[in-house]
>>> print(open('run-v7.cif').read())   # mmCIF, N, CA and C atoms
data_data
loop_
_atom_site.label_atom_id
_atom_site.label_comp_id
_atom_site.auth_asym_id
_atom_site.auth_seq_id
_atom_site.Cartn_x
_atom_site.Cartn_y
_atom_site.Cartn_z
N MET A 1 0.85 -1.19 0.00
CA MET A 1 0.00 0.00 0.00
C MET A 1 0.89 1.25 0.00
N VAL A 2 0.58 2.17 -0.87
CA VAL A 2 1.36 3.39 -1.03
C VAL A 2 0.81 4.45 -0.08
N ASP A 3 1.70 5.13 0.64
CA ASP A 3 1.30 6.22 1.51
C ASP A 3 1.14 7.48 0.66
N LEU A 4 -0.09 7.84 0.38
CA LEU A 4 -0.39 8.95 -0.52
C LEU A 4 -0.71 10.19 0.30
N PRO A 5 0.08 11.27 0.17
CA PRO A 5 -0.24 12.50 0.91
C PRO A 5 -1.63 13.02 0.51
N ALA A 6 -2.34 13.61 1.44
CA ALA A 6 -3.70 14.08 1.20
C ALA A 6 -3.77 15.11 0.08
N ASP A 7 -2.72 15.89 -0.10
CA ASP A 7 -2.74 16.94 -1.12
C ASP A 7 -2.04 16.52 -2.41
N TYR A 8 -1.75 15.23 -2.56
CA TYR A 8 -1.03 14.76 -3.76
C TYR A 8 -1.89 14.91 -5.01
N ARG A 9 -1.26 15.37 -6.06
CA ARG A 9 -1.89 15.45 -7.38
C ARG A 9 -0.81 15.07 -8.39
N PRO A 10 -1.10 14.09 -9.26
CA PRO A 10 -0.09 13.67 -10.24
C PRO A 10 0.41 14.84 -11.09
N SER A 11 1.65 14.75 -11.46
CA SER A 11 2.28 15.79 -12.27
C SER A 11 3.01 15.15 -13.43
N LYS A 12 3.08 15.87 -14.55
CA LYS A 12 3.82 15.35 -15.69
C LYS A 12 5.32 15.45 -15.47
N ASP A 13 5.74 16.10 -14.36
CA ASP A 13 7.15 16.24 -14.05
C ASP A 13 7.72 15.02 -13.32
N GLU A 14 6.88 14.06 -12.98
CA GLU A 14 7.35 12.85 -12.29
C GLU A 14 7.24 11.67 -13.25
N PRO A 15 7.90 10.56 -12.94
CA PRO A 15 7.82 9.40 -13.83
C PRO A 15 6.37 8.95 -14.03
N PHE A 16 6.02 8.71 -15.29
CA PHE A 16 4.63 8.35 -15.63
C PHE A 16 4.26 7.00 -15.04
N MET A 17 3.09 6.95 -14.44
CA MET A 17 2.49 5.77 -13.81
C MET A 17 3.41 5.15 -12.75
N ASN A 18 4.02 6.04 -11.96
CA ASN A 18 4.76 5.56 -10.80
C ASN A 18 3.76 5.08 -9.75
N GLU A 19 4.23 4.53 -8.66
CA GLU A 19 3.33 3.93 -7.66
C GLU A 19 2.37 4.96 -7.06
N MET A 20 2.83 6.19 -6.87
CA MET A 20 1.94 7.23 -6.31
C MET A 20 0.82 7.55 -7.30
N GLN A 21 1.14 7.68 -8.58
CA GLN A 21 0.10 7.96 -9.57
C GLN A 21 -0.89 6.82 -9.65
N LYS A 22 -0.40 5.60 -9.66
CA LYS A 22 -1.30 4.45 -9.71
C LYS A 22 -2.25 4.45 -8.52
N GLU A 23 -1.72 4.73 -7.34
CA GLU A 23 -2.56 4.75 -6.14
C GLU A 23 -3.56 5.90 -6.18
N TYR A 24 -3.12 7.05 -6.67
CA TYR A 24 -4.01 8.21 -6.81
C TYR A 24 -5.21 7.86 -7.70
N PHE A 25 -4.92 7.29 -8.86
CA PHE A 25 -6.02 6.97 -9.79
C PHE A 25 -6.86 5.80 -9.27
N ARG A 26 -6.24 4.84 -8.61
CA ARG A 26 -7.00 3.74 -8.03
C ARG A 26 -8.00 4.27 -7.02
N ARG A 27 -7.58 5.17 -6.16
CA ARG A 27 -8.49 5.75 -5.15
C ARG A 27 -9.60 6.57 -5.80
N ARG A 28 -9.23 7.36 -6.79
CA ARG A 28 -10.26 8.17 -7.49
C ARG A 28 -11.31 7.28 -8.12
N LEU A 29 -10.86 6.22 -8.77
CA LEU A 29 -11.79 5.31 -9.44
C LEU A 29 -12.67 4.59 -8.42
N LEU A 30 -12.09 4.15 -7.31
CA LEU A 30 -12.89 3.49 -6.27
C LEU A 30 -13.94 4.43 -5.67
N GLU A 31 -13.55 5.68 -5.41
CA GLU A 31 -14.50 6.67 -4.87
C GLU A 31 -15.62 6.93 -5.87
N TRP A 32 -15.27 7.06 -7.14
CA TRP A 32 -16.26 7.32 -8.19
C TRP A 32 -17.25 6.16 -8.26
N ARG A 33 -16.72 4.93 -8.23
CA ARG A 33 -17.58 3.75 -8.29
C ARG A 33 -18.51 3.70 -7.08
N GLU A 34 -17.99 3.97 -5.91
CA GLU A 34 -18.83 3.96 -4.70
C GLU A 34 -19.94 5.00 -4.80
N GLN A 35 -19.63 6.17 -5.32
CA GLN A 35 -20.64 7.22 -5.49
C GLN A 35 -21.74 6.75 -6.45
N LEU A 36 -21.34 6.14 -7.56
CA LEU A 36 -22.32 5.65 -8.53
C LEU A 36 -23.18 4.54 -7.93
N LEU A 37 -22.58 3.65 -7.17
CA LEU A 37 -23.34 2.56 -6.54
C LEU A 37 -24.32 3.11 -5.52
N LYS A 38 -23.92 4.14 -4.78
CA LYS A 38 -24.82 4.77 -3.81
C LYS A 38 -26.01 5.41 -4.53
N GLU A 39 -25.74 6.09 -5.63
CA GLU A 39 -26.81 6.71 -6.41
C GLU A 39 -27.76 5.64 -6.96
N THR A 40 -27.22 4.50 -7.33
CA THR A 40 -28.04 3.40 -7.84
C THR A 40 -28.96 2.88 -6.74
N GLU A 41 -28.42 2.75 -5.52
CA GLU A 41 -29.25 2.33 -4.39
C GLU A 41 -30.38 3.33 -4.15
N ASP A 42 -30.07 4.62 -4.23
CA ASP A 42 -31.10 5.66 -4.05
C ASP A 42 -32.18 5.53 -5.12
N THR A 43 -31.78 5.25 -6.35
CA THR A 43 -32.74 5.07 -7.44
C THR A 43 -33.66 3.89 -7.16
N ILE A 44 -33.08 2.79 -6.72
CA ILE A 44 -33.89 1.60 -6.42
C ILE A 44 -34.89 1.92 -5.32
N ASP A 45 -34.44 2.63 -4.29
CA ASP A 45 -35.35 3.02 -3.21
C ASP A 45 -36.48 3.91 -3.74
N ASN A 46 -36.14 4.86 -4.61
CA ASN A 46 -37.17 5.75 -5.19
C ASN A 46 -38.17 4.97 -6.03
N LEU A 47 -37.68 4.00 -6.80
CA LEU A 47 -38.57 3.22 -7.64
C LEU A 47 -39.50 2.34 -6.80
N LYS A 48 -39.01 1.87 -5.68
CA LYS A 48 -39.84 1.05 -4.79
C LYS A 48 -40.96 1.85 -4.17
N GLU A 49 -40.74 3.15 -4.00
CA GLU A 49 -41.75 4.02 -3.38
C GLU A 49 -42.99 4.14 -4.24
N GLY A 50 -42.86 3.91 -5.51
CA GLY A 50 -44.04 4.00 -6.39
C GLY A 50 -44.26 5.43 -6.84
N GLY A 51 -45.41 5.98 -6.54
CA GLY A 51 -45.71 7.35 -6.92
C GLY A 51 -46.50 7.44 -8.21
N LEU A 52 -46.80 6.33 -8.84
CA LEU A 52 -47.54 6.36 -10.09
C LEU A 52 -49.04 6.25 -9.85
N ALA A 53 -49.45 6.29 -8.60
CA ALA A 53 -50.87 6.16 -8.29
C ALA A 53 -51.55 7.51 -8.19
N ALA A 54 -50.88 8.56 -8.64
CA ALA A 54 -51.47 9.89 -8.57
C ALA A 54 -52.78 9.93 -9.37
N ALA A 55 -53.74 10.64 -8.82
CA ALA A 55 -55.06 10.71 -9.46
C ALA A 55 -55.00 11.53 -10.74
N ASP A 56 -54.20 12.57 -10.75
CA ASP A 56 -54.10 13.46 -11.90
C ASP A 56 -53.27 12.79 -13.00
N VAL A 57 -53.82 12.74 -14.21
CA VAL A 57 -53.13 12.11 -15.35
C VAL A 57 -51.81 12.82 -15.63
N ALA A 58 -51.78 14.14 -15.54
CA ALA A 58 -50.55 14.89 -15.81
C ALA A 58 -49.48 14.56 -14.76
N ASP A 59 -49.91 14.45 -13.49
CA ASP A 59 -48.95 14.10 -12.44
C ASP A 59 -48.40 12.70 -12.65
N ARG A 60 -49.26 11.79 -13.05
CA ARG A 60 -48.84 10.41 -13.29
C ARG A 60 -47.86 10.36 -14.47
N ALA A 61 -48.18 11.09 -15.53
CA ALA A 61 -47.30 11.12 -16.71
C ALA A 61 -45.95 11.73 -16.36
N SER A 62 -45.97 12.78 -15.55
CA SER A 62 -44.72 13.41 -15.14
C SER A 62 -43.89 12.45 -14.30
N ALA A 63 -44.53 11.72 -13.40
CA ALA A 63 -43.82 10.75 -12.56
C ALA A 63 -43.23 9.63 -13.42
N GLU A 64 -43.98 9.18 -14.42
CA GLU A 64 -43.47 8.13 -15.31
C GLU A 64 -42.27 8.63 -16.11
N ALA A 65 -42.35 9.87 -16.58
CA ALA A 65 -41.23 10.45 -17.34
C ALA A 65 -40.00 10.58 -16.45
N ASP A 66 -40.20 11.00 -15.20
CA ASP A 66 -39.09 11.12 -14.26
C ASP A 66 -38.43 9.77 -14.02
N LYS A 67 -39.23 8.75 -13.85
CA LYS A 67 -38.69 7.41 -13.60
C LYS A 67 -37.96 6.88 -14.83
N ALA A 68 -38.49 7.15 -16.01
CA ALA A 68 -37.82 6.71 -17.24
C ALA A 68 -36.46 7.40 -17.38
N LEU A 69 -36.41 8.68 -17.07
CA LEU A 69 -35.15 9.41 -17.12
C LEU A 69 -34.16 8.85 -16.11
N GLU A 70 -34.65 8.57 -14.91
CA GLU A 70 -33.80 8.00 -13.86
C GLU A 70 -33.24 6.64 -14.28
N LEU A 71 -34.08 5.83 -14.92
CA LEU A 71 -33.61 4.51 -15.38
C LEU A 71 -32.55 4.64 -16.48
N ARG A 72 -32.72 5.59 -17.38
CA ARG A 72 -31.70 5.82 -18.41
C ARG A 72 -30.39 6.28 -17.78
N THR A 73 -30.51 7.16 -16.78
CA THR A 73 -29.33 7.64 -16.08
C THR A 73 -28.62 6.48 -15.38
N ARG A 74 -29.38 5.61 -14.76
CA ARG A 74 -28.79 4.45 -14.07
C ARG A 74 -28.14 3.50 -15.06
N ASP A 75 -28.73 3.36 -16.25
CA ASP A 75 -28.12 2.50 -17.27
C ASP A 75 -26.76 3.05 -17.69
N ARG A 76 -26.70 4.38 -17.85
CA ARG A 76 -25.41 5.01 -18.17
C ARG A 76 -24.42 4.79 -17.02
N ALA A 77 -24.91 4.88 -15.79
CA ALA A 77 -24.05 4.66 -14.62
C ALA A 77 -23.54 3.23 -14.60
N ARG A 78 -24.39 2.28 -14.96
CA ARG A 78 -23.99 0.87 -15.00
C ARG A 78 -22.85 0.67 -16.00
N LYS A 79 -22.98 1.30 -17.17
CA LYS A 79 -21.92 1.20 -18.18
C LYS A 79 -20.64 1.87 -17.68
N LEU A 80 -20.79 2.98 -16.98
CA LEU A 80 -19.65 3.69 -16.44
C LEU A 80 -18.94 2.86 -15.37
N ILE A 81 -19.72 2.18 -14.53
CA ILE A 81 -19.13 1.31 -13.50
C ILE A 81 -18.31 0.21 -14.17
N SER A 82 -18.80 -0.32 -15.26
CA SER A 82 -18.06 -1.34 -16.00
C SER A 82 -16.72 -0.78 -16.50
N LYS A 83 -16.73 0.46 -17.00
CA LYS A 83 -15.49 1.09 -17.47
C LYS A 83 -14.55 1.36 -16.30
N ILE A 84 -15.10 1.75 -15.16
CA ILE A 84 -14.28 1.97 -13.97
C ILE A 84 -13.63 0.66 -13.54
N ASN A 85 -14.41 -0.42 -13.53
CA ASN A 85 -13.85 -1.73 -13.17
C ASN A 85 -12.73 -2.13 -14.12
N SER A 86 -12.91 -1.85 -15.41
CA SER A 86 -11.86 -2.16 -16.40
C SER A 86 -10.61 -1.34 -16.11
N ALA A 87 -10.79 -0.06 -15.76
CA ALA A 87 -9.64 0.79 -15.45
C ALA A 87 -8.92 0.28 -14.21
N LEU A 88 -9.66 -0.15 -13.19
CA LEU A 88 -9.04 -0.70 -11.99
C LEU A 88 -8.25 -1.97 -12.33
N TYR A 89 -8.79 -2.78 -13.21
CA TYR A 89 -8.07 -3.98 -13.64
C TYR A 89 -6.77 -3.60 -14.36
N ARG A 90 -6.85 -2.56 -15.21
CA ARG A 90 -5.65 -2.12 -15.94
C ARG A 90 -4.58 -1.59 -14.98
N ILE A 91 -5.01 -0.96 -13.87
CA ILE A 91 -4.03 -0.53 -12.87
C ILE A 91 -3.30 -1.75 -12.32
N GLU A 92 -4.07 -2.78 -12.03
CA GLU A 92 -3.48 -4.01 -11.46
C GLU A 92 -2.54 -4.71 -12.45
N ASP A 93 -2.91 -4.72 -13.73
CA ASP A 93 -2.07 -5.46 -14.69
C ASP A 93 -0.98 -4.59 -15.34
N GLY A 94 -0.93 -3.31 -14.95
CA GLY A 94 0.15 -2.44 -15.42
C GLY A 94 -0.08 -1.76 -16.74
N THR A 95 -1.29 -1.87 -17.31
CA THR A 95 -1.55 -1.23 -18.61
C THR A 95 -2.31 0.09 -18.47
N TYR A 96 -2.71 0.45 -17.26
CA TYR A 96 -3.46 1.69 -17.06
C TYR A 96 -2.59 2.89 -17.43
N GLY A 97 -3.22 3.83 -18.12
CA GLY A 97 -2.52 5.06 -18.48
C GLY A 97 -1.84 5.02 -19.83
N TYR A 98 -1.93 3.85 -20.48
CA TYR A 98 -1.29 3.71 -21.80
C TYR A 98 -2.36 3.47 -22.85
N CYS A 99 -2.21 4.11 -24.00
CA CYS A 99 -3.17 4.04 -25.09
C CYS A 99 -3.33 2.60 -25.58
N GLU A 100 -4.58 2.17 -25.72
CA GLU A 100 -4.87 0.82 -26.21
C GLU A 100 -4.43 0.63 -27.66
N GLU A 101 -4.39 1.70 -28.44
CA GLU A 101 -4.02 1.58 -29.86
C GLU A 101 -2.52 1.68 -30.08
N THR A 102 -1.89 2.65 -29.41
CA THR A 102 -0.49 2.93 -29.70
C THR A 102 0.48 2.45 -28.64
N GLY A 103 -0.01 2.24 -27.42
CA GLY A 103 0.86 1.87 -26.30
C GLY A 103 1.56 3.07 -25.68
N ASP A 104 1.35 4.26 -26.25
CA ASP A 104 1.96 5.47 -25.72
C ASP A 104 1.23 5.93 -24.45
N PRO A 105 1.92 6.68 -23.58
CA PRO A 105 1.25 7.22 -22.39
C PRO A 105 0.08 8.13 -22.80
N ILE A 106 -1.04 7.99 -22.11
CA ILE A 106 -2.21 8.82 -22.38
C ILE A 106 -1.96 10.24 -21.89
N GLY A 107 -1.28 10.37 -20.79
CA GLY A 107 -0.96 11.68 -20.23
C GLY A 107 -1.72 11.92 -18.94
N VAL A 108 -1.03 12.51 -17.99
CA VAL A 108 -1.61 12.75 -16.66
C VAL A 108 -2.81 13.68 -16.74
N GLU A 109 -2.70 14.75 -17.51
CA GLU A 109 -3.80 15.72 -17.57
C GLU A 109 -5.08 15.06 -18.09
N ARG A 110 -4.95 14.25 -19.12
CA ARG A 110 -6.12 13.57 -19.68
C ARG A 110 -6.71 12.58 -18.67
N LEU A 111 -5.86 11.87 -17.96
CA LEU A 111 -6.36 10.90 -16.98
C LEU A 111 -7.02 11.59 -15.79
N ILE A 112 -6.51 12.76 -15.41
CA ILE A 112 -7.17 13.51 -14.34
C ILE A 112 -8.56 13.93 -14.80
N ALA A 113 -8.66 14.39 -16.05
CA ALA A 113 -9.96 14.81 -16.59
C ALA A 113 -10.89 13.64 -16.83
N ARG A 114 -10.35 12.51 -17.28
CA ARG A 114 -11.16 11.33 -17.61
C ARG A 114 -10.39 10.07 -17.19
N PRO A 115 -10.52 9.68 -15.92
CA PRO A 115 -9.73 8.56 -15.41
C PRO A 115 -10.00 7.22 -16.10
N ILE A 116 -11.08 7.12 -16.88
CA ILE A 116 -11.37 5.86 -17.57
C ILE A 116 -10.89 5.87 -19.01
N ALA A 117 -10.15 6.92 -19.40
CA ALA A 117 -9.67 7.03 -20.78
C ALA A 117 -8.81 5.83 -21.15
N THR A 118 -9.00 5.34 -22.36
CA THR A 118 -8.20 4.21 -22.85
C THR A 118 -7.39 4.59 -24.09
N LEU A 119 -7.63 5.80 -24.60
CA LEU A 119 -6.93 6.25 -25.80
C LEU A 119 -6.25 7.59 -25.52
N SER A 120 -5.10 7.80 -26.15
CA SER A 120 -4.46 9.11 -26.08
C SER A 120 -5.35 10.11 -26.82
N ILE A 121 -5.11 11.38 -26.62
CA ILE A 121 -5.91 12.40 -27.31
C ILE A 121 -5.81 12.22 -28.82
N GLU A 122 -4.60 11.95 -29.31
CA GLU A 122 -4.40 11.79 -30.75
C GLU A 122 -5.18 10.59 -31.28
N ALA A 123 -5.11 9.48 -30.57
CA ALA A 123 -5.83 8.27 -31.01
C ALA A 123 -7.34 8.49 -30.92
N GLN A 124 -7.80 9.20 -29.88
CA GLN A 124 -9.22 9.49 -29.73
C GLN A 124 -9.71 10.37 -30.87
N GLU A 125 -8.93 11.39 -31.21
CA GLU A 125 -9.30 12.27 -32.33
C GLU A 125 -9.33 11.50 -33.64
N ARG A 126 -8.37 10.64 -33.86
CA ARG A 126 -8.33 9.81 -35.07
C ARG A 126 -9.57 8.91 -35.13
N HIS A 127 -9.90 8.31 -34.00
CA HIS A 127 -11.08 7.44 -33.90
C HIS A 127 -12.35 8.23 -34.22
N GLU A 128 -12.47 9.43 -33.66
CA GLU A 128 -13.66 10.26 -33.90
C GLU A 128 -13.74 10.70 -35.36
N ARG A 129 -12.59 11.02 -35.98
CA ARG A 129 -12.60 11.40 -37.40
C ARG A 129 -13.05 10.23 -38.26
N MET A 130 -12.55 9.04 -37.95
CA MET A 130 -12.94 7.85 -38.73
C MET A 130 -14.43 7.57 -38.54
N GLU A 131 -14.92 7.73 -37.32
CA GLU A 131 -16.33 7.51 -37.04
C GLU A 131 -17.20 8.51 -37.80
N LYS A 132 -16.77 9.79 -37.82
CA LYS A 132 -17.52 10.82 -38.53
C LYS A 132 -17.52 10.52 -40.03
N THR A 133 -16.37 10.12 -40.57
CA THR A 133 -16.29 9.79 -41.99
C THR A 133 -17.22 8.63 -42.32
N TYR A 134 -17.22 7.61 -41.47
CA TYR A 134 -18.09 6.45 -41.67
C TYR A 134 -19.56 6.87 -41.62
N ASN A 135 -19.92 7.69 -40.63
CA ASN A 135 -21.32 8.15 -40.51
C ASN A 135 -21.72 9.03 -41.69
N ASP A 136 -20.79 9.87 -42.16
CA ASP A 136 -21.08 10.71 -43.32
C ASP A 136 -21.31 9.86 -44.56
N GLU A 137 -20.53 8.79 -44.72
CA GLU A 137 -20.71 7.92 -45.87
C GLU A 137 -22.05 7.21 -45.84
N ILE A 138 -22.49 6.82 -44.66
CA ILE A 138 -23.80 6.16 -44.51
C ILE A 138 -24.91 7.14 -44.90
N VAL A 139 -24.80 8.40 -44.46
CA VAL A 139 -25.81 9.40 -44.77
C VAL A 139 -25.84 9.64 -46.29
N GLU A 140 -24.67 9.72 -46.92
CA GLU A 140 -24.61 9.93 -48.37
C GLU A 140 -25.24 8.79 -49.13
N GLN A 141 -25.10 7.58 -48.64
CA GLN A 141 -25.64 6.40 -49.32
C GLN A 141 -27.16 6.31 -49.18
N ALA A 142 -27.69 6.94 -48.15
CA ALA A 142 -29.13 6.83 -47.88
C ALA A 142 -29.95 7.65 -48.84
#
>>> encode(input="run-v7.cif", output="structure tokens")
Amino acid sequence: MVDLPADYRPSKDEPFMNEMQKEYFRRRLLEWREQLLKETEDTIDNLKEGGLAAADVADRASAEADKALELRTRDRARKLISKINSALYRIEDGTYGYCEETGDPIGVERLIARPIATLSIEAQERHERMEKTYNDEIVEQA
């Protein structure tokens, strides 16, 4: 276990993915996952409460819309938890912080902004350009 100072923040001036950086990101990811799981529990509790028995049709419709939105949000959270778990696994196997396409370091700043990132900025931009080109070609063919 790494002794991480409370005010520690990874810097590009230190060796990339040293033990302190790995521990910093591991803790951030664990905290994020715990927060998402807590929100999921709150959603389940809210859904159990019901609330769709309102006499007013507009109130009932509004409650149904709220629950549908909450369920979509929880589905996104579920997918995010899966990505967090994958990032935690990558920390353990030593591949965290390195681009899946190029093997190059993703960069501390990008990981601070998006700890589940799997691509460097350059690879992500290339991926998005290829995706846009593919989508544009589909639209042209239609």
>>> atom_distance(input="run-v7.cif", atom1="atom CA of Ala65 of chain A", atom2="atom CA of Asp42 of chain A")
17.4 Å
>>> resolve_selection(input="run-v7.cif", expression="the PyMOL selection byres ((chain A and resi 97-111) around 8)", output="JSON, numbers by chain")
{"A": [10, 11, 12, 16, 17, 25, 87, 90, 91, 94, 95, 96, 112, 113, 114, 115, 116, 117, 118, 119, 120, 121, 122, 123]}
>>> atom_distance(input="run-v7.cif", atom1="atom CA of Lys22 of chain A", atom2="atom C of Ile84 of chain A")
13.5 Å
>>> select_by_dssp(input="run-v7.cif", residues="chain A", states="helix (DSSP H, G or I)", output="JSON, numbers by chain")
{"A": [19, 20, 21, 22, 23, 24, 25, 26, 27, 28, 29, 30, 31, 32, 33, 34, 35, 36, 37, 38, 39, 40, 41, 42, 43, 44, 45, 46, 47, 48, 49, 57, 58, 59, 60, 61, 62, 63, 64, 65, 66, 67, 68, 69, 70, 71, 72, 73, 74, 75, 76, 77, 78, 79, 80, 81, 82, 83, 84, 85, 86, 87, 88, 89, 90, 91, 92, 93, 108, 109, 110, 111, 112, 113, 121, 122, 123, 124, 125, 126, 127, 128, 129, 130, 131, 132, 133, 134, 135, 136, 137, 138, 139, 140, 141]}
>>> residues_around(input="run-v7.cif", residues="Trp32 of chain A", least_positions_apart="2", cutoff="12 Å", atoms="only C-alpha atoms", output="list in words")
Phe25, Arg26, Arg27, Arg28, Leu29, Leu30, Glu34, Gln35, Leu36, Leu37, Lys38, Glu39, Ala77, Leu80, Ile81, Ser82, Lys83, Ile84, Asn85, Ala87, Leu88, Arg114, Pro115 and Ile116 of chain A
>>> write_last_selection(input="run-v7.cif", atoms="N, CA and C atoms", output="CSV table (one decimal), keeping the file's coordinate frame")
chain,number,residue,atom,x,y,z
A,25,PHE,N,-4.9,7.3,-8.9
A,25,PHE,CA,-6.0,7.0,-9.8
A,25,PHE,C,-6.9,5.8,-9.3
A,26,ARG,N,-6.2,4.8,-8.6
A,26,ARG,CA,-7.0,3.7,-8.0
A,26,ARG,C,-8.0,4.3,-7.0
A,27,ARG,N,-7.6,5.2,-6.2
A,27,ARG,CA,-8.5,5.8,-5.2
A,27,ARG,C,-9.6,6.6,-5.8
A,28,ARG,N,-9.2,7.4,-6.8
A,28,ARG,CA,-10.3,8.2,-7.5
A,28,ARG,C,-11.3,7.3,-8.1
A,29,LEU,N,-10.9,6.2,-8.8
A,29,LEU,CA,-11.8,5.3,-9.4
A,29,LEU,C,-12.7,4.6,-8.4
A,30,LEU,N,-12.1,4.2,-7.3
A,30,LEU,CA,-12.9,3.5,-6.3
A,30,LEU,C,-13.9,4.4,-5.7
A,34,GLU,N,-18.0,4.0,-5.9
A,34,GLU,CA,-18.8,4.0,-4.7
A,34,GLU,C,-19.9,5.0,-4.8
A,35,GLN,N,-19.6,6.2,-5.3
A,35,GLN,CA,-20.6,7.2,-5.5
A,35,GLN,C,-21.7,6.8,-6.4
A,36,LEU,N,-21.3,6.1,-7.6
A,36,LEU,CA,-22.3,5.6,-8.5
A,36,LEU,C,-23.2,4.5,-7.9
A,37,LEU,N,-22.6,3.6,-7.2
A,37,LEU,CA,-23.3,2.6,-6.5
A,37,LEU,C,-24.3,3.1,-5.5
A,38,LYS,N,-23.9,4.1,-4.8
A,38,LYS,CA,-24.8,4.8,-3.8
A,38,LYS,C,-26.0,5.4,-4.5
A,39,GLU,N,-25.7,6.1,-5.6
A,39,GLU,CA,-26.8,6.7,-6.4
A,39,GLU,C,-27.8,5.6,-7.0
A,77,ALA,N,-24.9,4.9,-15.8
A,77,ALA,CA,-24.0,4.7,-14.6
A,77,ALA,C,-23.5,3.2,-14.6
A,80,LEU,N,-20.8,3.0,-17.0
A,80,LEU,CA,-19.6,3.7,-16.4
A,80,LEU,C,-18.9,2.9,-15.4
A,81,ILE,N,-19.7,2.2,-14.5
A,81,ILE,CA,-19.1,1.3,-13.5
A,81,ILE,C,-18.3,0.2,-14.2
A,82,SER,N,-18.8,-0.3,-15.3
A,82,SER,CA,-18.1,-1.3,-16.0
A,82,SER,C,-16.7,-0.8,-16.5
A,83,LYS,N,-16.7,0.5,-17.0
A,83,LYS,CA,-15.5,1.1,-17.5
A,83,LYS,C,-14.6,1.4,-16.3
A,84,ILE,N,-15.1,1.8,-15.2
A,84,ILE,CA,-14.3,2.0,-14.0
A,84,ILE,C,-13.6,0.7,-13.5
A,85,ASN,N,-14.4,-0.4,-13.5
A,85,ASN,CA,-13.8,-1.7,-13.2
A,85,ASN,C,-12.7,-2.1,-14.1
A,87,ALA,N,-10.8,-0.1,-15.8
A,87,ALA,CA,-9.6,0.8,-15.4
A,87,ALA,C,-8.9,0.3,-14.2
A,88,LEU,N,-9.7,-0.2,-13.2
A,88,LEU,CA,-9.0,-0.7,-12.0
A,88,LEU,C,-8.2,-2.0,-12.3
A,114,ARG,N,-10.4,12.5,-17.3
A,114,ARG,CA,-11.2,11.3,-17.6
A,114,ARG,C,-10.4,10.1,-17.2
A,115,PRO,N,-10.5,9.7,-15.9
A,115,PRO,CA,-9.7,8.6,-15.4
A,115,PRO,C,-10.0,7.2,-16.1
A,116,ILE,N,-11.1,7.1,-16.9
A,116,ILE,CA,-11.4,5.9,-17.6
A,116,ILE,C,-10.9,5.9,-19.0
>>> atom_distance(input="run-v7.cif", atom1="atom C of Asn46 of chain A", atom2="atom N of Ser86 of chain A")
27.8 Å
>>> residues_around(input="run-v7.cif", residues="Pro5 of chain A", least_positions_apart="4", cutoff="12 Å", atoms="only C-alpha atoms", output="number ranges by chain")
A: 9-10, 20-21, 23-24
>>> closest_residue(input="run-v7.cif", among="A:Asp93, A:Glu41, A:Glu125, A:Glu14", to="Glu70 of chain A", atoms="only C-alpha atoms")
A:Glu41
>>> closest_residue(input="run-v7.cif", among="A:Val57, A:Ala6, A:Glu137, A:Thr40", to="Thr73 of chain A", atoms="only C-alpha atoms")
A:Thr40
